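Report on the following structure.
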Amino acid sequence: MAEPVLLMEHVRKSMRRQEVIRDFNLRAEAGQVIALLGGNGAGKSTILRMIAGILHPDAGEIRVGGLRWKDNRLEYAGRIGYMPDDYRFPGGLTAMETMAFWAKLRGLPKSRAAEALAEAGLADTGKKPVASFSKGIRQRVLFAQALIARPPLVLLDEPTNGLDPYWMESFIRLVREAAERGQTVLFSTHQLEIAEAAADRIVFLRDGATMFDIGAGRSGHGAARTETLRELFARMYGIPLRR
């Protein structure tokens, strides 16, 4: 059997003497899109940061393509594209300069930086300073850098925060295109509709533990079982459903 793109086994993490991730397990194969869905404090960002190697688990094991972070940090990092939930861009750099810097780190030509900006709908922003952009545009720059090297595993932390409705649709399209290329995409969100539309599989998190792990019910690019997902989410958080 081929190695999964991502394997997390019995992962635990405590912060400030509080366990924030509890016995978390996840297996992701090539071409899958998985949404980590949950409210604030559910553990979504912590899981993504541990996979990216920014945080390290207290127990359990994380492998990307069979490789652990401690085996070869550079090779491990090269298998991942990571979009943080926020990032303070260096002052004065344009979008093109910023993307060219990330391309160089990945050993890619400057032409790939321009392509990545265009893919994110930012072809006309290359000469503008990133610090002047709105939250939504900065999110798209971060999204572009996560995809720039087309790595096997793409990690996106709350990627749709600040995006307008048009770019919500573009985000879904770009994620699905990445999956069609064989990339695995794992993204966090608290937006049920985005999880439903983009993901093949949804992991519902609460207090650092998996409550449900289900297929999104997608048929090709069709709609998921919206009402069922809403019912699960409502049951997790004790939210009354409107009828």
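Just so we're on the same page: first chain in the structure tokens is A, next is B, and so on; residues restart at 1 for each chain, and ligands are numbered from 1 in the order they show up.
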* Asked: Residues at most 7 Å from Phe89 in chain A, counting only C-alpha atoms, excluding those fewer than 2 positions away in the same chain, as an MDAnalysis selection string?
  -> chainID A and resid 87 91 130:131
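The shell of residues at most 9 Å from Leu36 in chain A, with only C-alpha atoms counted and near chain neighbours (fewer than 3 positions) removed, consists of Lys44, Leu186, Phe187, Ser188, Thr189, His190, Ala195, Arg201, Ile202, Val203, Phe204 and Leu205 of chain A.
Distance-wise, CA of Arg106 in chain A and CA of Thr46 in chain A end up 24.5 Å apart.
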* Within 12 Å of range 113-119 of chain A, counting only C-alpha atoms, which residues qualify if same-chain residues fewer than 3 places away don't, as a ChimeraX atom specification? -> /A:94-110,122-127,137-150,167,170-171,173-175,177-178
Can you write out the residues you just picked, keeping N, CA and C atoms, as a tab-separated table (two decimals), in the first residue's frame?
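What ended up in again33.tsv:
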```tsv
chain	number	residue	atom	x	y	z
A	94	THR	N	6.43	45.06	-2.93
A	94	THR	CA	5.26	44.92	-3.79
A	94	THR	C	4.80	43.46	-3.78
A	95	ALA	N	3.63	43.24	-4.35
A	95	ALA	CA	3.12	41.87	-4.44
A	95	ALA	C	4.07	40.99	-5.26
A	96	MET	N	4.59	41.53	-6.36
A	96	MET	CA	5.50	40.75	-7.20
A	96	MET	C	6.81	40.47	-6.48
A	97	GLU	N	7.35	41.46	-5.78
A	97	GLU	CA	8.59	41.25	-5.04
A	97	GLU	C	8.40	40.21	-3.95
A	98	THR	N	7.26	40.27	-3.28
A	98	THR	CA	6.96	39.31	-2.22
A	98	THR	C	6.85	37.90	-2.79
A	99	MET	N	6.13	37.76	-3.90
A	99	MET	CA	5.95	36.44	-4.50
A	99	MET	C	7.26	35.92	-5.09
A	100	ALA	N	8.07	36.81	-5.65
A	100	ALA	CA	9.36	36.40	-6.21
A	100	ALA	C	10.29	35.90	-5.11
A	101	PHE	N	10.20	36.51	-3.92
A	101	PHE	CA	10.99	36.05	-2.77
A	101	PHE	C	10.60	34.62	-2.40
A	102	TRP	N	9.27	34.37	-2.33
A	102	TRP	CA	8.83	33.02	-1.99
A	102	TRP	C	9.20	32.02	-3.08
A	103	ALA	N	9.14	32.45	-4.34
A	103	ALA	CA	9.51	31.57	-5.44
A	103	ALA	C	10.99	31.19	-5.33
A	104	LYS	N	11.84	32.18	-5.00
A	104	LYS	CA	13.27	31.91	-4.88
A	104	LYS	C	13.55	30.92	-3.75
A	105	LEU	N	12.83	31.07	-2.64
A	105	LEU	CA	13.00	30.12	-1.53
A	105	LEU	C	12.70	28.69	-1.96
A	106	ARG	N	11.79	28.56	-2.90
A	106	ARG	CA	11.39	27.24	-3.39
A	106	ARG	C	12.22	26.79	-4.59
A	107	GLY	N	13.17	27.62	-5.02
A	107	GLY	CA	13.99	27.26	-6.17
A	107	GLY	C	13.25	27.39	-7.48
A	108	LEU	N	12.29	28.31	-7.53
A	108	LEU	CA	11.46	28.49	-8.73
A	108	LEU	C	11.82	29.78	-9.44
A	109	PRO	N	11.59	29.85	-10.75
A	109	PRO	CA	11.88	31.08	-11.49
A	109	PRO	C	10.87	32.18	-11.18
A	110	LYS	N	11.26	33.41	-11.46
A	110	LYS	CA	10.40	34.56	-11.22
A	110	LYS	C	9.10	34.46	-12.02
A	122	LEU	N	-4.59	38.25	-9.21
A	122	LEU	CA	-3.85	39.42	-8.75
A	122	LEU	C	-2.82	39.89	-9.77
A	123	ALA	N	-3.03	39.59	-11.02
A	123	ALA	CA	-2.06	39.95	-12.05
A	123	ALA	C	-1.83	41.45	-12.14
A	124	ASP	N	-2.86	42.23	-11.83
A	124	ASP	CA	-2.74	43.69	-11.96
A	124	ASP	C	-2.27	44.36	-10.67
A	125	THR	N	-1.88	43.58	-9.67
A	125	THR	CA	-1.46	44.15	-8.38
A	125	THR	C	0.04	44.03	-8.14
A	126	GLY	N	0.76	43.46	-9.09
A	126	GLY	CA	2.17	43.12	-8.86
A	126	GLY	C	3.05	44.28	-8.44
A	127	LYS	N	2.74	45.51	-8.90
A	127	LYS	CA	3.59	46.66	-8.59
A	127	LYS	C	3.12	47.43	-7.36
A	137	ILE	N	-7.43	40.87	-0.05
A	137	ILE	CA	-6.37	40.77	-1.04
A	137	ILE	C	-5.12	40.13	-0.44
A	138	ARG	N	-4.81	40.49	0.81
A	138	ARG	CA	-3.65	39.85	1.47
A	138	ARG	C	-3.87	38.35	1.61
A	139	GLN	N	-5.11	37.95	1.87
A	139	GLN	CA	-5.42	36.52	1.95
A	139	GLN	C	-5.14	35.83	0.62
A	140	ARG	N	-5.46	36.50	-0.47
A	140	ARG	CA	-5.23	35.91	-1.79
A	140	ARG	C	-3.73	35.81	-2.10
A	141	VAL	N	-2.94	36.77	-1.64
A	141	VAL	CA	-1.49	36.69	-1.80
A	141	VAL	C	-0.95	35.48	-1.03
A	142	LEU	N	-1.41	35.31	0.20
A	142	LEU	CA	-0.97	34.17	1.01
A	142	LEU	C	-1.41	32.85	0.38
A	143	PHE	N	-2.61	32.83	-0.18
A	143	PHE	CA	-3.12	31.64	-0.85
A	143	PHE	C	-2.23	31.30	-2.05
A	144	ALA	N	-1.85	32.33	-2.82
A	144	ALA	CA	-1.01	32.11	-3.99
A	144	ALA	C	0.34	31.52	-3.61
A	145	GLN	N	0.95	32.01	-2.50
A	145	GLN	CA	2.27	31.49	-2.12
A	145	GLN	C	2.18	30.04	-1.64
A	146	ALA	N	1.04	29.66	-1.06
A	146	ALA	CA	0.89	28.26	-0.61
A	146	ALA	C	0.85	27.30	-1.80
A	147	LEU	N	0.35	27.79	-2.93
A	147	LEU	CA	0.22	26.95	-4.12
A	147	LEU	C	1.38	27.10	-5.09
A	148	ILE	N	2.28	28.06	-4.85
A	148	ILE	CA	3.27	28.44	-5.85
A	148	ILE	C	4.13	27.27	-6.33
A	149	ALA	N	4.52	26.38	-5.41
A	149	ALA	CA	5.40	25.27	-5.77
A	149	ALA	C	4.62	23.99	-6.10
A	150	ARG	N	3.29	24.08	-6.03
A	150	ARG	CA	2.42	22.92	-6.26
A	150	ARG	C	2.90	21.70	-5.47
A	167	TRP	N	-14.76	35.78	-4.79
A	167	TRP	CA	-13.54	35.03	-4.54
A	167	TRP	C	-13.75	33.81	-3.69
A	170	SER	N	-14.03	31.44	-6.49
A	170	SER	CA	-12.73	31.20	-7.09
A	170	SER	C	-11.87	30.32	-6.19
A	171	PHE	N	-11.95	30.54	-4.88
A	171	PHE	CA	-11.22	29.69	-3.94
A	171	PHE	C	-11.63	28.24	-4.11
A	173	ARG	N	-12.93	26.79	-6.70
A	173	ARG	CA	-12.45	26.30	-7.99
A	173	ARG	C	-10.96	25.97	-7.94
A	174	LEU	N	-10.15	26.85	-7.36
A	174	LEU	CA	-8.71	26.63	-7.30
A	174	LEU	C	-8.35	25.43	-6.43
A	175	VAL	N	-9.08	25.25	-5.35
A	175	VAL	CA	-8.85	24.08	-4.48
A	175	VAL	C	-9.18	22.80	-5.22
A	177	GLU	N	-9.14	22.38	-8.45
A	177	GLU	CA	-8.13	22.19	-9.49
A	177	GLU	C	-6.84	21.60	-8.90
A	178	ALA	N	-6.47	22.04	-7.71
A	178	ALA	CA	-5.29	21.47	-7.04
A	178	ALA	C	-5.51	19.97	-6.79
```
* Neighbours of Trp69 in chain A within 12 Å (only C-alpha atoms; same-chain residues fewer than 2 positions away dropped), as an MDAnalysis selection string? -> chainID A and resid 50:57 61:67 71:80
Keeping only C-alpha atoms, take the residues you just selected and write them out as a PDB file, in the first residue's frame.
```
ATOM      1  CA  MET A  50       1.798  20.962  13.952  1.00  0.00           C
ATOM      2  CA  ILE A  51       1.643  19.472  10.454  1.00  0.00           C
ATOM      3  CA  ALA A  52       3.620  22.461   9.122  1.00  0.00           C
ATOM      4  CA  GLY A  53       6.299  21.934  11.784  1.00  0.00           C
ATOM      5  CA  ILE A  54       5.691  25.269  13.517  1.00  0.00           C
ATOM      6  CA  LEU A  55       4.455  23.486  16.644  1.00  0.00           C
ATOM      7  CA  HIS A  56       5.417  20.011  17.752  1.00  0.00           C
ATOM      8  CA  PRO A  57       3.109  17.429  19.304  1.00  0.00           C
ATOM      9  CA  GLU A  61       3.355  11.016  15.246  1.00  0.00           C
ATOM     10  CA  ILE A  62       2.912  13.110  12.094  1.00  0.00           C
ATOM     11  CA  ARG A  63       4.227  11.963   8.708  1.00  0.00           C
ATOM     12  CA  VAL A  64       4.031  13.687   5.331  1.00  0.00           C
ATOM     13  CA  GLY A  65       4.640  11.204   2.535  1.00  0.00           C
ATOM     14  CA  GLY A  66       6.102   8.863   5.135  1.00  0.00           C
ATOM     15  CA  LEU A  67       8.588  11.466   6.372  1.00  0.00           C
ATOM     16  CA  ASP A  71      13.959  13.060   9.852  1.00  0.00           C
ATOM     17  CA  ASN A  72      14.758  15.811   7.347  1.00  0.00           C
ATOM     18  CA  ARG A  73      13.343  19.249   8.052  1.00  0.00           C
ATOM     19  CA  LEU A  74      14.160  20.737   4.640  1.00  0.00           C
ATOM     20  CA  GLU A  75      12.686  17.874   2.646  1.00  0.00           C
ATOM     21  CA  TYR A  76       9.657  17.770   4.940  1.00  0.00           C
ATOM     22  CA  ALA A  77       9.020  21.507   4.483  1.00  0.00           C
ATOM     23  CA  GLY A  78       9.392  21.146   0.716  1.00  0.00           C
ATOM     24  CA  ARG A  79       6.422  18.790   0.635  1.00  0.00           C
ATOM     25  CA  ILE A  80       4.099  21.378   2.161  1.00  0.00           C
TER      26      ILE A  80
END
```
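Taking CA of Phe212 in chain A and CA of Glu19 in chain A as the two end points, the separation is 19.4 Å.
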* To do: Mind checking which residues fall within 8 Å of Ala28 in chain A, counting only C-alpha atoms, ignoring those fewer than 6 positions away in the same chain, and posting them as a PyMOL selection string?
  => chain A and resi 4-7+34+184
* To do: Would you mind writing down, as a ChimeraX atom specification, each residue of range 9-216 of chain A that DSSP on the backbone assigns to strand (DSSP E)?
  => /A:9-15,18-28,33-37,59-64,80-83,153-157,184-189,201-206,209-215
Take the residues from that selection and write them out as a short mmCIF file (atom, residue, chain, number, x, y, z; two decimals), in the first residue's frame, keeping C-alpha atoms.
```cif
data_model
loop_
_atom_site.label_atom_id
_atom_site.label_comp_id
_atom_site.auth_asym_id
_atom_site.auth_seq_id
_atom_site.Cartn_x
_atom_site.Cartn_y
_atom_site.Cartn_z
CA GLU A 9 -1.60 9.06 14.73
CA HIS A 10 -2.66 9.64 18.36
CA VAL A 11 -1.47 13.25 18.33
CA ARG A 12 -1.78 15.26 21.53
CA LYS A 13 -0.82 18.82 22.35
CA SER A 14 -1.06 20.89 25.53
CA MET A 15 -0.61 24.63 25.84
CA GLN A 18 -4.39 22.70 29.02
CA GLU A 19 -4.77 19.88 26.52
CA VAL A 20 -5.86 21.51 23.26
CA ILE A 21 -5.52 18.48 20.94
CA ARG A 22 -6.73 15.13 22.24
CA ASP A 23 -5.75 11.84 20.57
CA PHE A 24 -6.18 13.20 17.05
CA ASN A 25 -5.92 10.84 14.08
CA LEU A 26 -6.09 11.67 10.38
CA ARG A 27 -5.13 9.95 7.14
CA ALA A 28 -5.23 11.89 3.86
CA VAL A 33 -9.74 17.92 -0.06
CA ILE A 34 -10.45 17.81 3.67
CA ALA A 35 -12.04 20.57 5.74
CA LEU A 36 -11.39 20.94 9.46
CA LEU A 37 -14.63 22.47 10.67
CA ALA A 59 2.70 12.75 21.85
CA GLY A 60 1.86 10.84 18.71
CA GLU A 61 3.35 11.02 15.25
CA ILE A 62 2.91 13.11 12.09
CA ARG A 63 4.23 11.96 8.71
CA VAL A 64 4.03 13.69 5.33
CA ILE A 80 4.10 21.38 2.16
CA GLY A 81 2.53 24.67 1.11
CA TYR A 82 1.25 26.55 4.15
CA MET A 83 -1.06 29.54 4.37
CA LEU A 153 0.22 18.81 0.65
CA VAL A 154 -1.41 22.24 0.91
CA LEU A 155 -2.40 23.56 4.36
CA LEU A 156 -4.76 26.56 4.48
CA ASP A 157 -5.69 28.18 7.79
CA THR A 184 -3.98 17.05 -1.09
CA VAL A 185 -5.61 20.11 0.45
CA LEU A 186 -6.38 20.42 4.16
CA PHE A 187 -8.08 23.65 5.20
CA SER A 188 -9.68 24.99 8.34
CA THR A 189 -12.92 26.94 8.43
CA ARG A 201 -14.51 15.07 3.53
CA ILE A 202 -15.27 17.12 6.63
CA VAL A 203 -13.76 16.59 10.07
CA PHE A 204 -15.88 18.22 12.77
CA LEU A 205 -13.73 19.32 15.71
CA ARG A 206 -14.65 20.33 19.23
CA ALA A 209 -11.07 16.14 19.40
CA THR A 210 -12.83 14.69 16.36
CA MET A 211 -16.58 14.58 16.82
CA PHE A 212 -17.50 13.45 13.30
CA ASP A 213 -15.47 12.52 10.22
CA ILE A 214 -17.75 12.26 7.21
CA GLY A 215 -17.81 12.55 3.45
#
```
Would you please extract all helix (DSSP H, G or I) residues from range 115-225 of chain A, as assigned by DSSP on the backbone, and give them as a tab-separated table (two decimals) with C-alpha atoms, in the first residue's frame?
```
chain	number	residue	atom	x	y	z
A	115	GLU	CA	1.78	32.90	-12.71
A	116	ALA	CA	0.83	32.36	-9.08
A	117	LEU	CA	-0.37	35.94	-8.74
A	118	ALA	CA	-2.42	35.58	-11.92
A	119	GLU	CA	-3.98	32.33	-10.68
A	123	ALA	CA	-2.06	39.95	-12.05
A	124	ASP	CA	-2.74	43.69	-11.96
A	125	THR	CA	-1.46	44.15	-8.38
A	130	VAL	CA	1.26	44.43	-0.17
A	131	ALA	CA	0.95	46.46	3.04
A	132	SER	CA	-1.61	48.67	1.30
A	135	LYS	CA	-7.49	41.83	4.32
A	136	GLY	CA	-9.13	39.94	1.44
A	137	ILE	CA	-6.37	40.77	-1.04
A	138	ARG	CA	-3.65	39.85	1.47
A	139	GLN	CA	-5.42	36.52	1.95
A	140	ARG	CA	-5.23	35.91	-1.79
A	141	VAL	CA	-1.49	36.69	-1.80
A	142	LEU	CA	-0.97	34.17	1.01
A	143	PHE	CA	-3.12	31.64	-0.85
A	144	ALA	CA	-1.01	32.11	-3.99
A	145	GLN	CA	2.27	31.49	-2.12
A	146	ALA	CA	0.89	28.26	-0.61
A	147	LEU	CA	0.22	26.95	-4.12
A	165	PRO	CA	-18.44	36.25	-2.51
A	166	TYR	CA	-16.85	36.18	-5.98
A	167	TRP	CA	-13.54	35.03	-4.54
A	168	MET	CA	-15.24	32.45	-2.39
A	169	GLU	CA	-16.23	30.79	-5.67
A	170	SER	CA	-12.73	31.20	-7.09
A	171	PHE	CA	-11.22	29.69	-3.94
A	172	ILE	CA	-13.41	26.61	-4.32
A	173	ARG	CA	-12.45	26.30	-7.99
A	174	LEU	CA	-8.71	26.63	-7.30
A	175	VAL	CA	-8.85	24.08	-4.48
A	176	ARG	CA	-10.67	21.60	-6.70
A	177	GLU	CA	-8.13	22.19	-9.49
A	178	ALA	CA	-5.29	21.47	-7.04
A	179	ALA	CA	-7.00	18.20	-6.10
A	180	GLU	CA	-7.38	17.28	-9.77
A	192	LEU	CA	-20.18	25.23	6.85
A	193	GLU	CA	-21.09	26.29	3.32
A	194	ILE	CA	-17.43	26.58	2.27
A	195	ALA	CA	-16.58	23.19	3.78
A	196	GLU	CA	-19.53	21.65	2.01
A	197	ALA	CA	-18.75	23.16	-1.38
A	198	ALA	CA	-14.98	22.59	-1.47
```
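Between CA of Arg112 in chain A and CA of Pro151 in chain A the interatomic distance comes to 13.6 Å.
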* Nearest to Gly92 in chain A: which of A:Arg16, A:Arg49, A:Arg181, A:Lys128 is it, counting only C-alpha atoms? -> A:Lys128
